[in-house]
Structure formats: structure tokens, C-alpha cells
$ cat final_0.txt   # compact mmCIF, C-alpha atoms and all ligand atoms
# COMPACT_ATOMS: atom_id res chain seq x y z
CA MET A 1 91.38 93.03 197.91
CA GLN A 2 92.38 89.43 197.51
CA ASN A 3 95.44 87.52 198.66
CA LYS A 4 98.93 88.73 197.89
CA VAL A 5 100.42 87.14 194.76
CA SER A 6 103.81 85.44 194.74
CA ARG A 7 103.79 83.22 191.63
CA ILE A 8 102.15 84.42 188.47
CA GLY A 9 101.44 82.76 185.15
CA VAL A 10 101.36 84.46 181.77
CA LEU A 11 99.76 83.09 178.62
CA THR A 12 98.76 84.15 175.10
CA SER A 13 95.42 82.89 173.86
CA GLY A 14 93.14 83.01 170.81
CA GLY A 15 94.22 84.89 167.69
CA ASP A 16 97.88 85.94 167.72
CA SER A 17 98.93 89.53 167.21
CA PRO A 18 102.29 91.25 166.73
CA GLY A 19 103.49 92.68 170.04
CA MET A 20 102.44 89.75 172.20
CA ASN A 21 106.12 88.97 172.79
CA ALA A 22 106.77 92.51 173.98
CA ALA A 23 103.89 92.08 176.45
CA ILE A 24 105.24 88.73 177.70
CA ARG A 25 108.66 90.32 178.19
CA ALA A 26 107.18 93.18 180.19
CA VAL A 27 105.16 90.85 182.42
CA VAL A 28 108.13 88.55 183.09
CA ARG A 29 110.59 91.32 183.86
CA THR A 30 108.19 93.38 185.98
CA GLY A 31 107.25 90.26 187.93
CA ILE A 32 110.88 89.36 188.57
CA TYR A 33 111.66 92.97 189.50
CA HIS A 34 109.03 92.66 192.24
CA GLY A 35 110.43 89.35 193.47
CA LEU A 36 107.65 87.21 192.01
CA GLU A 37 108.17 83.86 190.33
CA VAL A 38 106.85 83.97 186.78
CA TYR A 39 105.64 80.96 184.78
CA GLY A 40 104.95 80.84 181.06
CA ILE A 41 101.89 78.79 180.14
CA MET A 42 102.21 77.35 176.64
CA ARG A 43 99.38 77.42 174.05
CA GLY A 44 96.93 79.45 176.08
CA TYR A 45 94.28 77.65 178.10
CA GLN A 46 95.27 74.37 176.42
CA GLY A 47 98.65 74.45 178.14
CA MET A 48 96.95 75.27 181.43
CA ILE A 49 94.86 72.10 181.17
CA GLU A 50 97.76 69.95 179.91
CA ASP A 51 100.25 71.30 182.43
CA ASP A 52 102.55 72.68 179.75
CA ILE A 53 104.14 75.30 181.97
CA ILE A 54 107.70 76.60 182.12
CA LYS A 55 109.51 78.78 184.63
CA MET A 56 110.52 82.10 183.09
CA GLU A 57 113.67 84.00 183.91
CA SER A 58 114.68 87.45 182.84
CA ARG A 59 116.85 85.87 180.10
CA SER A 60 113.94 83.75 178.82
CA VAL A 61 112.52 86.89 177.25
CA ALA A 62 115.76 88.31 175.86
CA ASN A 63 115.74 89.31 172.22
CA ILE A 64 112.00 88.87 171.67
CA ILE A 65 110.62 92.42 171.81
CA GLN A 66 111.11 92.81 168.05
CA ARG A 67 109.65 89.43 167.09
CA GLY A 68 106.12 88.77 165.79
CA GLY A 69 104.11 85.75 166.91
CA THR A 70 104.35 84.58 170.51
CA ILE A 71 107.11 82.55 172.14
CA LEU A 72 104.45 80.98 174.39
CA LYS A 73 102.43 79.90 171.32
CA THR A 74 98.69 80.35 171.27
CA ALA A 75 95.68 78.11 170.78
CA ARG A 76 91.95 77.87 170.84
CA CYS A 77 90.90 75.46 173.57
CA LYS A 78 87.53 73.70 173.43
CA ASP A 79 87.85 72.14 176.88
CA PHE A 80 88.11 75.53 178.55
CA TYR A 81 84.49 76.29 177.58
CA LYS A 82 83.45 73.50 179.98
CA PRO A 83 83.53 73.75 183.79
CA GLU A 84 85.33 70.37 183.95
CA GLY A 85 88.12 71.69 181.72
CA ARG A 86 88.50 74.83 183.80
CA LYS A 87 88.61 72.74 186.99
CA ILE A 88 91.53 70.71 185.63
CA ALA A 89 93.27 73.96 184.70
CA TYR A 90 92.75 75.26 188.23
CA GLU A 91 94.19 72.10 189.78
CA VAL A 92 97.25 72.39 187.54
CA LEU A 93 97.81 76.00 188.60
CA LYS A 94 97.37 75.07 192.27
CA ARG A 95 100.00 72.33 191.94
CA HIS A 96 102.45 74.93 190.64
CA GLY A 97 101.41 77.38 193.36
CA ILE A 98 100.40 79.93 190.72
CA ASP A 99 98.20 82.54 192.38
CA GLY A 100 97.75 85.16 189.66
CA LEU A 101 97.33 85.12 185.88
CA VAL A 102 98.01 87.52 183.04
CA ILE A 103 96.03 86.64 179.92
CA ILE A 104 97.07 88.24 176.65
CA GLY A 105 94.34 87.75 174.06
CA GLY A 106 91.10 88.96 172.56
CA ASP A 107 87.56 89.20 173.86
CA GLY A 108 87.09 85.42 173.70
CA SER A 109 90.11 84.88 175.94
CA PHE A 110 88.69 87.49 178.32
CA ARG A 111 85.36 85.64 178.46
CA GLY A 112 87.32 82.52 179.39
CA ALA A 113 89.07 84.50 182.14
CA VAL A 114 85.72 85.73 183.49
CA ALA A 115 84.37 82.17 183.70
CA PHE A 116 87.57 81.01 185.39
CA SER A 117 87.79 83.86 187.91
CA GLN A 118 84.14 83.45 188.89
CA GLU A 119 84.73 79.80 189.76
CA PHE A 120 88.18 79.92 191.33
CA ASP A 121 90.19 82.19 193.59
CA ILE A 122 92.94 82.98 191.09
CA PRO A 123 92.86 86.64 190.02
CA CYS A 124 93.15 87.34 186.30
CA ILE A 125 94.39 90.41 184.47
CA GLY A 126 93.74 90.75 180.74
CA LEU A 127 95.85 92.50 178.14
CA ALA A 128 94.09 93.25 174.86
CA GLY A 129 96.13 91.48 172.22
CA THR A 130 94.15 91.62 168.99
CA ILE A 131 94.79 93.06 165.55
CA ASP A 132 91.09 93.93 165.20
CA LYS A 133 90.95 96.70 167.86
CA ASP A 134 87.49 95.43 168.80
CA ILE A 135 87.59 95.81 172.58
CA HIS A 136 85.81 98.57 174.51
CA GLY A 137 87.66 100.66 177.07
CA THR A 138 91.00 101.07 175.34
CA ASP A 139 92.20 103.27 172.50
CA PHE A 140 94.84 100.69 171.58
CA THR A 141 95.07 96.94 171.33
CA ILE A 142 98.38 95.15 170.94
CA GLY A 143 98.90 94.30 167.26
CA PHE A 144 96.48 96.67 165.55
CA ASP A 145 99.07 99.24 164.58
CA THR A 146 101.39 96.65 163.03
CA ALA A 147 98.57 94.88 161.20
CA VAL A 148 97.13 98.05 159.76
CA ASN A 149 100.57 99.22 158.59
CA THR A 150 101.12 95.86 156.92
CA ALA A 151 97.80 96.32 155.13
CA VAL A 152 98.74 99.85 154.05
CA GLU A 153 102.07 98.67 152.66
CA ALA A 154 100.38 95.88 150.70
CA ILE A 155 97.61 98.13 149.34
CA ASP A 156 100.17 100.72 148.22
CA LYS A 157 101.84 97.97 146.18
CA ILE A 158 98.51 96.86 144.76
CA ARG A 159 97.80 100.44 143.73
CA ASP A 160 101.00 100.50 141.65
CA THR A 161 99.89 97.55 139.57
CA ALA A 162 96.27 98.80 139.49
CA ASP A 163 97.59 102.07 138.12
CA ALA A 164 99.72 100.41 135.45
CA HIS A 165 96.68 98.58 134.03
CA ASP A 166 93.85 100.97 134.93
CA ARG A 167 92.24 98.29 137.02
CA LEU A 168 89.83 98.12 139.89
CA PHE A 169 91.11 96.13 142.87
CA VAL A 170 88.89 94.80 145.61
CA VAL A 171 91.18 94.20 148.57
CA GLU A 172 90.07 92.14 151.55
CA VAL A 173 91.63 92.85 154.92
CA MET A 174 91.08 91.12 158.25
CA GLY A 175 88.21 92.04 160.57
CA ARG A 176 85.40 89.57 161.10
CA ASP A 177 83.43 91.73 163.51
CA ALA A 178 85.25 95.05 163.39
CA GLY A 179 86.12 97.26 160.45
CA TYR A 180 88.99 99.23 161.95
CA ILE A 181 91.72 97.68 159.81
CA ALA A 182 89.62 98.36 156.71
CA LEU A 183 88.73 101.88 157.80
CA TYR A 184 92.25 102.98 158.73
CA SER A 185 94.05 101.26 155.85
CA GLY A 186 91.38 102.38 153.37
CA ILE A 187 91.64 106.02 154.39
CA ALA A 188 95.44 105.84 154.46
CA THR A 189 95.61 104.45 150.92
CA GLY A 190 92.91 106.64 149.39
CA ALA A 191 90.38 103.85 148.86
CA GLU A 192 87.34 104.62 146.77
CA SER A 193 84.98 102.69 149.07
CA ILE A 194 85.41 100.95 152.41
CA LEU A 195 83.04 98.16 153.35
CA ILE A 196 82.87 97.17 157.01
CA PRO A 197 80.78 94.92 159.28
CA GLU A 198 79.48 97.92 161.25
CA ARG A 199 77.59 99.30 158.25
CA LYS A 200 75.28 97.60 155.79
CA THR A 201 76.98 97.37 152.41
CA ASP A 202 75.07 99.33 149.76
CA ILE A 203 76.41 97.74 146.59
CA GLU A 204 74.30 100.00 144.36
CA ASP A 205 76.01 102.98 145.90
CA VAL A 206 79.43 101.40 145.19
CA ILE A 207 78.44 100.81 141.54
CA THR A 208 77.03 104.32 141.08
CA SER A 209 80.15 105.79 142.56
CA LEU A 210 82.39 103.76 140.21
CA GLN A 211 80.31 104.85 137.22
CA GLU A 212 80.61 108.44 138.28
CA LYS A 213 84.39 108.08 138.64
CA GLU A 214 84.55 106.53 135.19
CA ARG A 215 82.77 109.53 133.69
CA ARG A 216 85.46 111.70 135.18
CA LYS A 217 88.17 109.37 133.78
CA LYS A 218 89.24 108.12 137.19
CA LEU A 219 89.94 104.55 136.22
CA VAL A 220 92.17 103.30 139.03
CA ASN A 221 90.16 102.43 142.07
CA ILE A 222 90.63 100.44 145.23
CA ILE A 223 87.78 99.10 147.32
CA VAL A 224 88.80 97.88 150.77
CA VAL A 225 86.54 95.23 152.27
CA ALA A 226 86.72 93.86 155.80
CA GLU A 227 86.37 90.07 155.75
CA GLY A 228 83.16 90.28 157.82
CA ASP A 229 81.51 93.08 155.84
CA GLY A 230 78.21 91.20 155.60
CA PHE A 231 78.05 91.26 151.80
CA GLY A 232 80.27 88.23 151.37
CA GLY A 233 83.80 89.56 151.34
CA ALA A 234 85.95 90.79 148.46
CA ALA A 235 85.15 87.90 146.11
CA GLU A 236 81.42 88.56 146.25
CA VAL A 237 81.83 92.33 145.92
CA ALA A 238 84.07 91.84 142.87
CA ARG A 239 81.65 89.35 141.32
CA VAL A 240 78.72 91.78 141.53
CA VAL A 241 80.78 94.74 140.32
CA GLN A 242 82.03 92.69 137.37
CA GLU A 243 78.48 91.61 136.56
CA LYS A 244 77.16 95.18 136.57
CA LEU A 245 80.22 96.85 135.05
CA PRO A 246 81.74 94.12 132.84
CA HIS A 247 84.00 96.52 130.95
CA ILE A 248 85.94 97.41 134.14
CA GLU A 249 88.85 95.06 134.71
CA THR A 250 88.44 93.90 138.27
CA ARG A 251 90.85 91.93 140.43
CA VAL A 252 90.63 90.57 143.96
CA ALA A 253 93.45 90.52 146.52
CA ILE A 254 92.95 88.88 149.90
CA LEU A 255 95.69 89.98 152.27
CA GLY A 256 95.05 87.23 154.82
CA HIS A 257 97.52 86.16 157.46
CA ILE A 258 100.38 88.47 156.49
CA GLN A 259 98.47 90.98 158.63
CA ARG A 260 99.15 88.92 161.75
CA GLY A 261 102.87 88.47 161.29
CA GLY A 262 105.99 90.54 161.14
CA ALA A 263 107.99 92.66 163.54
CA PRO A 264 105.70 94.72 165.79
CA SER A 265 105.66 98.46 165.16
CA CYS A 266 107.17 100.87 167.65
CA GLN A 267 103.68 101.72 168.89
CA ASP A 268 102.75 98.08 169.51
CA ARG A 269 106.01 97.42 171.37
CA PHE A 270 105.47 100.58 173.39
CA ILE A 271 101.87 99.90 174.44
CA ALA A 272 102.59 96.20 175.07
CA SER A 273 105.47 97.16 177.38
CA ARG A 274 103.36 99.69 179.23
CA MET A 275 100.34 97.39 179.56
CA GLY A 276 102.49 94.42 180.61
CA TYR A 277 104.10 96.45 183.36
CA HIS A 278 100.72 97.66 184.65
CA ALA A 279 99.25 94.15 184.52
CA VAL A 280 101.76 92.96 187.11
CA GLU A 281 101.38 96.14 189.17
CA SER A 282 97.62 95.51 189.17
CA LEU A 283 98.02 91.97 190.47
CA ILE A 284 100.32 93.21 193.22
CA GLU A 285 98.02 96.09 194.18
CA GLY A 286 95.00 93.76 194.34
CA ARG A 287 93.22 95.28 191.32
CA HIS A 288 91.87 91.99 190.02
CA ASN A 289 89.80 90.60 187.15
CA VAL A 290 90.18 93.66 184.97
CA PHE A 291 91.87 94.23 181.68
CA VAL A 292 94.49 96.90 181.34
CA GLY A 293 93.98 99.36 178.52
CA ILE A 294 95.02 102.89 177.60
CA LEU A 295 92.30 105.52 177.33
CA ASN A 296 93.09 109.18 176.54
CA SER A 297 96.78 108.44 177.27
CA LYS A 298 96.01 107.13 180.78
CA MET A 299 95.88 103.54 181.96
CA SER A 300 92.32 102.20 182.17
CA TYR A 301 91.18 99.22 184.20
CA ILE A 302 87.94 97.73 182.92
CA PRO A 303 86.25 94.76 184.64
CA LEU A 304 86.71 91.74 182.40
CA GLU A 305 83.01 90.93 182.44
CA LYS A 306 82.25 94.31 180.80
CA VAL A 307 84.21 93.41 177.69
CA GLY A 308 82.15 93.39 174.55
CA LYS A 309 82.72 93.82 170.86
CA LYS A 310 82.94 97.37 169.57
CA LYS A 311 80.62 96.63 166.66
CA GLY A 312 78.45 99.46 165.47
CA THR A 313 80.56 102.32 166.77
CA ILE A 314 82.10 103.61 163.53
CA SER A 315 80.42 106.95 162.82
CA SER A 316 78.96 107.85 159.45
CA GLU A 317 81.26 110.88 159.37
CA TRP A 318 84.16 108.55 158.55
CA MET A 319 82.29 107.30 155.49
CA LYS A 320 81.67 110.89 154.42
CA ILE A 321 85.38 111.60 154.73
CA VAL A 322 86.17 108.53 152.59
CA LYS A 323 83.80 109.74 149.84
CA ILE A 324 85.07 113.31 149.83
CA LEU A 325 88.75 112.38 149.86
CA ALA A 326 88.46 109.72 147.15
CA SER A 327 86.67 111.97 144.68
P1 LIG A 401 90.22 85.62 171.03
O1 LIG A 401 90.73 85.67 172.42
O2 LIG A 401 91.27 85.99 170.04
O3 LIG A 401 88.91 86.39 170.88
P2 LIG A 401 88.75 83.06 170.97
O4 LIG A 401 87.39 83.69 170.87
O5 LIG A 401 89.02 81.87 170.14
O6 LIG A 401 89.93 84.09 170.66
O7 LIG A 401 88.98 82.66 172.50
C1 LIG A 401 90.18 82.04 172.90
C2 LIG A 401 89.88 80.94 173.88
O8 LIG A 401 89.27 81.47 175.06
C3 LIG A 401 88.90 79.90 173.39
O9 LIG A 401 89.49 78.94 172.55
C4 LIG A 401 88.45 79.27 174.72
O10 LIG A 401 89.42 78.37 175.20
C5 LIG A 401 88.41 80.50 175.63
N1 LIG A 401 87.03 81.03 175.71
C6 LIG A 401 86.43 81.87 174.84
N2 LIG A 401 85.16 82.14 175.23
C7 LIG A 401 84.95 81.43 176.36
C8 LIG A 401 83.84 81.26 177.24
N3 LIG A 401 82.67 81.88 177.03
N4 LIG A 401 83.99 80.44 178.31
C9 LIG A 401 85.16 79.82 178.54
N5 LIG A 401 86.25 79.92 177.75
C10 LIG A 401 86.15 80.72 176.66
$ encode --input "final_0.txt" --output "C-alpha cells" --more "lines below"
Ligand code: ADP
Amino acid sequence: MQNKVSRIGVLTSGGDSPGMNAAIRAVVRTGIYHGLEVYGIMRGYQGMIEDDIIKMESRSVANIIQRGGTILKTARCKDFYKPEGRKIAYEVLKRHGIDGLVIIGGDGSFRGAVAFSQEFDIPCIGLAGTIDKDIHGTDFTIGFDTAVNTAVEAIDKIRDTADAHDRLFVVEVMGRDAGYIALYSGIATGAESILIPERKTDIEDVITSLQEKERRKKLVNIIVVAEGDGFGGAAEVARVVQEKLPHIETRVAILGHIQRGGAPSCQDRFIASRMGYHAVESLIEGRHNVFVGILNSKMSYIPLEKVGKKKGTISSEWMKIVKILAS
């Protein structure tokens, strides 16, 4: 147990994800409900170092639950990697009397929180805000559901035009280290192949499978590639396919940043609200330096230093399902 908190700061850091606003709202309102003062720290750790901090009231977070992005802005902050940068951040927080932090971000932001909490006596609670769903210890991360539904909607549209022309589309979705967006959106749109960072891409297998489909007159195919698939992304996959099967009309679509934006889905608003509430409860109860997740429908509290990437955990059964269902 550490000291009782009375003034807490909340920030969003690293890659943005839809639902971060819902989490900020939950933290602010739960904090105020408990009689705490709540401060919004702008642009993640950068705002902590530059003293870009604003007092939040219940009304400050009105009408944001449905908005994508983050009202606190987010940033990547080089200075926070250095002890000197973190020391300045600590002094800034001390000046404001902030004695607890809620950090909404990905695994990088959590690593920053670990470094900070090991050096200074300000407890940190993490909330997993990442579209990639690449954090151990939680079934959900804030933003994944919205991002994957955006990808599904886009791929459905691509399929319409692919169908009109009997074309092959290689669609690239986000996911540098984790293939969850590719896996879920690929299965949900009936993709022919799904290429992800967790598994070595076997391009010969992709080609053979396309040839086999062609023999059966299945001419409209979608290959979903995660940006970090290890083969070189959609452009490289399309180039090799075109080289080996020049008669197949092949197009590339890179979905890019549309996957980060837009109104958060009901699920993302729901989990962000629940996690935000429990983040403040955790600070009050003295459960410190953990991140709040949801595992098997129950809240989970995982020490921040245990956070790692989920790479390598996608079972081969999923790939079998993809093959069978796309036949
Ligand atoms: P994400 O949180 O989305 O994974 P990043 O990996 O860019 O995004 O991390 C966000 C920020 O967290 C970084 O810009 C940096 O300020 C801080 N950070 C990340 N890793 C560390 C670390 N090992 N030590 C200190 N700060 C870190």
C-alpha cells in the first residue's frame, strides 16, 4: 500500500485508438465522484515534461464518449526515454501536487510508466488503448473493436469492386507486431489468405492456393496482409503474385489510418468506461503500477512490468479455419 491519492493526472500516449475519449471521461468522472482533483496532461509524456496540464471538471468531458481521437492529444516523447526527462516530468507533477497517474496507451507507454514508477513515488495505472490488441492479460484493448470493424467495412466495399472485375485484391491492414486486425477482418470478410507477423509467410502456398481456386473458377479473391507480416506488406505480396500469375489482375489497397479514426464502437465505449472506472478505484484502493484489463469477463490487474507483446500466440487452427472457409 502506498500513500492515499488526492490529485490524479490522466494522459493518452503513443498510438491513438478510438475509445480513448470514453476512457478519459470515465477516469475524470470517477475521480470527481470520489472527491479527487483530476488533471488532464496534454500530449502524453511530452505534456508532462512541458507542464501542459489542465484541470478537468465533469463538464470538460461532456459530449466526448462518441468521438474518436483523444481530447488530450497524444504524442511520442523522446525525452521520456531518458532519466533526466522523467525527472523533469516528476518535478512538474510534484508542483501540481499530482500523486497518481492513469496512462492510456500501448505497451510502449506502459514501459515508460514502469521506468517512471521505479524511479519516483507516483503510482501509475495503465489502460490498454491500442487498436492492435497486442497486450497480454486482457481479452480487450480499447480501440481494437472499432478498428477491426472499420477494416471489415472497407474490405466489404473492396470485394464489391473485386467482384465486378474478377480481380484479386491484396489488402493491407494495420498491425506491425500483431496480426489480430488481419485475422479477425480476414475471417469476417471471407479472405482467401491472411498473412500475419506471427507466422512466416509461405508465398508459394498462397500462389498454389490461387491457382487451385482458378481451376475451380473462383476468380474473386482477397488476401489480407498485416503491415508487419514479414514478407514486405501488401505491395510486395502483390508484386510476387503478379510476377508468378501475370494473367490475374491484381490490385493493392492499403487501408492505413482510417483504422484509427471514427466513432468508437459500442464495445470500445463500454470497455473504456469500465476500465476507466476501475483505474481510479485501483489508485484509491492502493493497487498500484498495474494495468487494468478484462479477462474472462472479470477485471484483471497485471503488473505493468509484465507487459509484453502477444506475438506468436495465434494458433495454426485459425489458419486452417481460413483455408476451409475460403474454399
Ligand atoms: P505505444 O504506447 O502506442 O506502444 P510508443 O511505443 O511510441 O507507443 O510509446 C509511447 C511513449 O512511451 C514513447 O514515445 C516514450 O515517451 C514512452 N516510452 C516507451 N518506451 C519507453 C521506455 N522503455 N522507457 C521510457 N519511456 C518509454
$ residues_around --input "final_0.txt" --residues "His288 of chain A" --least-positions-apart "5" --cutoff "7 Å" --atoms "only C-alpha atoms" --output "mmCIF file with C-alpha atoms, in the coordinates of the input"
data_model
loop_
_atom_site.group_PDB
_atom_site.id
_atom_site.type_symbol
_atom_site.label_atom_id
_atom_site.label_comp_id
_atom_site.auth_asym_id
_atom_site.auth_seq_id
_atom_site.Cartn_x
_atom_site.Cartn_y
_atom_site.Cartn_z
ATOM 1 C CA PRO A 123 92.860 86.640 190.020
ATOM 2 C CA CYS A 124 93.150 87.340 186.300
ATOM 3 C CA ILE A 125 94.390 90.410 184.470
ATOM 4 C CA SER A 282 97.620 95.510 189.170
ATOM 5 C CA LEU A 283 98.020 91.970 190.470
#
$ closest_residue --input "final_0.txt" --among "A:Asp139, A:Asp229, A:Arg251, A:Leu210" --to "Arg159 of chain A" --atoms "only C-alpha atoms"
A:Arg251
$ residues_near_ligand --input "final_0.txt" --ligand "ligand LIG 401 (chain A)" --cutoff "10 Å" --atoms "all atoms listed in the file" --output "PyMOL selection string"
chain A and resi 12-17+44-46+74-83+85-86+103-116+128-132+134-135+309
$ closest_residue --input "final_0.txt" --among "A:Arg29, A:His247, A:Asp99, A:Val206" --to "Val5 of chain A" --atoms "all atoms listed in the file"
A:Asp99
$ axis_aligned_box --input "final_0.txt" --around "segment 88-99 of chain A" --padding-each-side "8 Å" --output "AutoDock Vina command-line options"
--center_x 97.0 --center_y 76.6 --center_z 189.0 --size_x 26.9 --size_y 27.8 --size_z 24.7
$ residues_around --input "final_0.txt" --residues "Leu325 of chain A" --least-positions-apart "5" --cutoff "9 Å" --atoms "all atoms listed in the file" --output "VMD selection string"
chain A and resid 187 190 to 192 320
$ atom_distance --input "final_0.txt" --atom1 "atom CA of Val220 of chain A" --atom2 "atom CA of Thr161 of chain A"
9.6 Å
$ residues_around --input "final_0.txt" --residues "segment 253-268 of chain A" --least-positions-apart "4" --cutoff "8 Å" --atoms "all atoms listed in the file" --output "list in words"
Asp16, Ser17, Pro18, Gly19, Gln66, Arg67, Gly68, Gly69, Ile131, Thr141, Ile142, Gly143, Phe144, Asp145, Thr146, Ala147, Val148, Thr150, Ala151, Ala154, Phe169, Val170, Val171, Glu172, Val173, Met174, Ala234 and Ala272 of chain A
$ atom_distance --input "final_0.txt" --atom1 "atom CA of Glu281 of chain A" --atom2 "atom CA of Lys87 of chain A"
26.7 Å
$ closest_residue --input "final_0.txt" --among "A:Asn149, A:Thr201, A:Thr250, A:Thr208" --to "Ser185 of chain A" --atoms "only C-alpha atoms"
A:Asn149
$ atom_distance --input "final_0.txt" --atom1 "atom CA of Thr30 of chain A" --atom2 "atom CA of Leu93 of chain A"
20.4 Å
$ closest_residue --input "final_0.txt" --among "A:Val38, A:Ile284, A:Ile271, A:Ile98" --to "Met56 of chain A" --atoms "only C-alpha atoms"
A:Val38
$ closest_residue --input "final_0.txt" --among "A:Ile314, A:Thr138, A:Met42, A:Leu11" --to "Asn296 of chain A" --atoms "all atoms listed in the file"
A:Thr138
$ closest_residue --input "final_0.txt" --among "A:Ala89, A:Ile65, A:Ile321, A:Leu168" --to "Ala23 of chain A" --atoms "all atoms listed in the file"
A:Ile65
$ residues_around --input "final_0.txt" --residues "Glu198 of chain A" --least-positions-apart "5" --cutoff "12 Å" --atoms "all atoms listed in the file" --output "PDB file with C-alpha atoms, keeping the file's coordinate frame"
ATOM      1  CA  ASP A 134      87.490  95.430 168.800  1.00  0.00           C
ATOM      2  CA  GLY A 175      88.210  92.040 160.570  1.00  0.00           C
ATOM      3  CA  ARG A 176      85.400  89.570 161.100  1.00  0.00           C
ATOM      4  CA  ASP A 177      83.430  91.730 163.510  1.00  0.00           C
ATOM      5  CA  ALA A 178      85.250  95.050 163.390  1.00  0.00           C
ATOM      6  CA  GLY A 179      86.120  97.260 160.450  1.00  0.00           C
ATOM      7  CA  TYR A 180      88.990  99.230 161.950  1.00  0.00           C
ATOM      8  CA  ALA A 182      89.620  98.360 156.710  1.00  0.00           C
ATOM      9  CA  LEU A 183      88.730 101.880 157.800  1.00  0.00           C
ATOM     10  CA  VAL A 225      86.540  95.230 152.270  1.00  0.00           C
ATOM     11  CA  ALA A 226      86.720  93.860 155.800  1.00  0.00           C
ATOM     12  CA  GLU A 227      86.370  90.070 155.750  1.00  0.00           C
ATOM     13  CA  GLY A 228      83.160  90.280 157.820  1.00  0.00           C
ATOM     14  CA  ASP A 229      81.510  93.080 155.840  1.00  0.00           C
ATOM     15  CA  GLY A 230      78.210  91.200 155.600  1.00  0.00           C
ATOM     16  CA  PHE A 231      78.050  91.260 151.800  1.00  0.00           C
ATOM     17  CA  LYS A 309      82.720  93.820 170.860  1.00  0.00           C
ATOM     18  CA  LYS A 310      82.940  97.370 169.570  1.00  0.00           C
ATOM     19  CA  LYS A 311      80.620  96.630 166.660  1.00  0.00           C
ATOM     20  CA  GLY A 312      78.450  99.460 165.470  1.00  0.00           C
ATOM     21  CA  THR A 313      80.560 102.320 166.770  1.00  0.00           C
ATOM     22  CA  ILE A 314      82.100 103.610 163.530  1.00  0.00           C
ATOM     23  CA  SER A 315      80.420 106.950 162.820  1.00  0.00           C
ATOM     24  CA  SER A 316      78.960 107.850 159.450  1.00  0.00           C
ATOM     25  CA  TRP A 318      84.160 108.550 158.550  1.00  0.00           C
ATOM     26  CA  MET A 319      82.290 107.300 155.490  1.00  0.00           C
TER      27      MET A 319
END
$ decode --input "final_0.txt" --residues "segment 250-268 of chain A" --atoms "C-alpha atoms" --output "JSON list (two decimals), in the first residue's frame"
[["chain", "number", "residue", "atom", "x", "y", "z"],
["A", 250, "THR", "CA", -4.13, -7.81, -59.06],
["A", 251, "ARG", "CA", -4.71, -4.61, -57.12],
["A", 252, "VAL", "CA", -3.38, -3.33, -53.80],
["A", 253, "ALA", "CA", -5.38, -1.41, -51.20],
["A", 254, "ILE", "CA", -3.68, -0.07, -48.08],
["A", 255, "LEU", "CA", -6.29, 0.87, -45.51],
["A", 256, "GLY", "CA", -3.92, 2.93, -43.36],
["A", 257, "HIS", "CA", -5.03, 5.49, -40.82],
["A", 258, "ILE", "CA", -8.77, 5.23, -41.39],
["A", 259, "GLN", "CA", -8.47, 2.28, -39.00],
["A", 260, "ARG", "CA", -7.51, 4.62, -36.15],
["A", 261, "GLY", "CA", -10.30, 7.13, -36.57],
["A", 262, "GLY", "CA", -14.04, 7.29, -36.35],
["A", 263, "ALA", "CA", -16.64, 6.99, -33.64],
["A", 264, "PRO", "CA", -15.77, 4.19, -31.21],
["A", 265, "SER", "CA", -17.97, 1.11, -31.33],
["A", 266, "CYS", "CA", -20.35, 0.28, -28.50],
["A", 267, "GLN", "CA", -17.90, -2.35, -27.26],
["A", 268, "ASP", "CA", -14.97, 0.09, -27.16]]
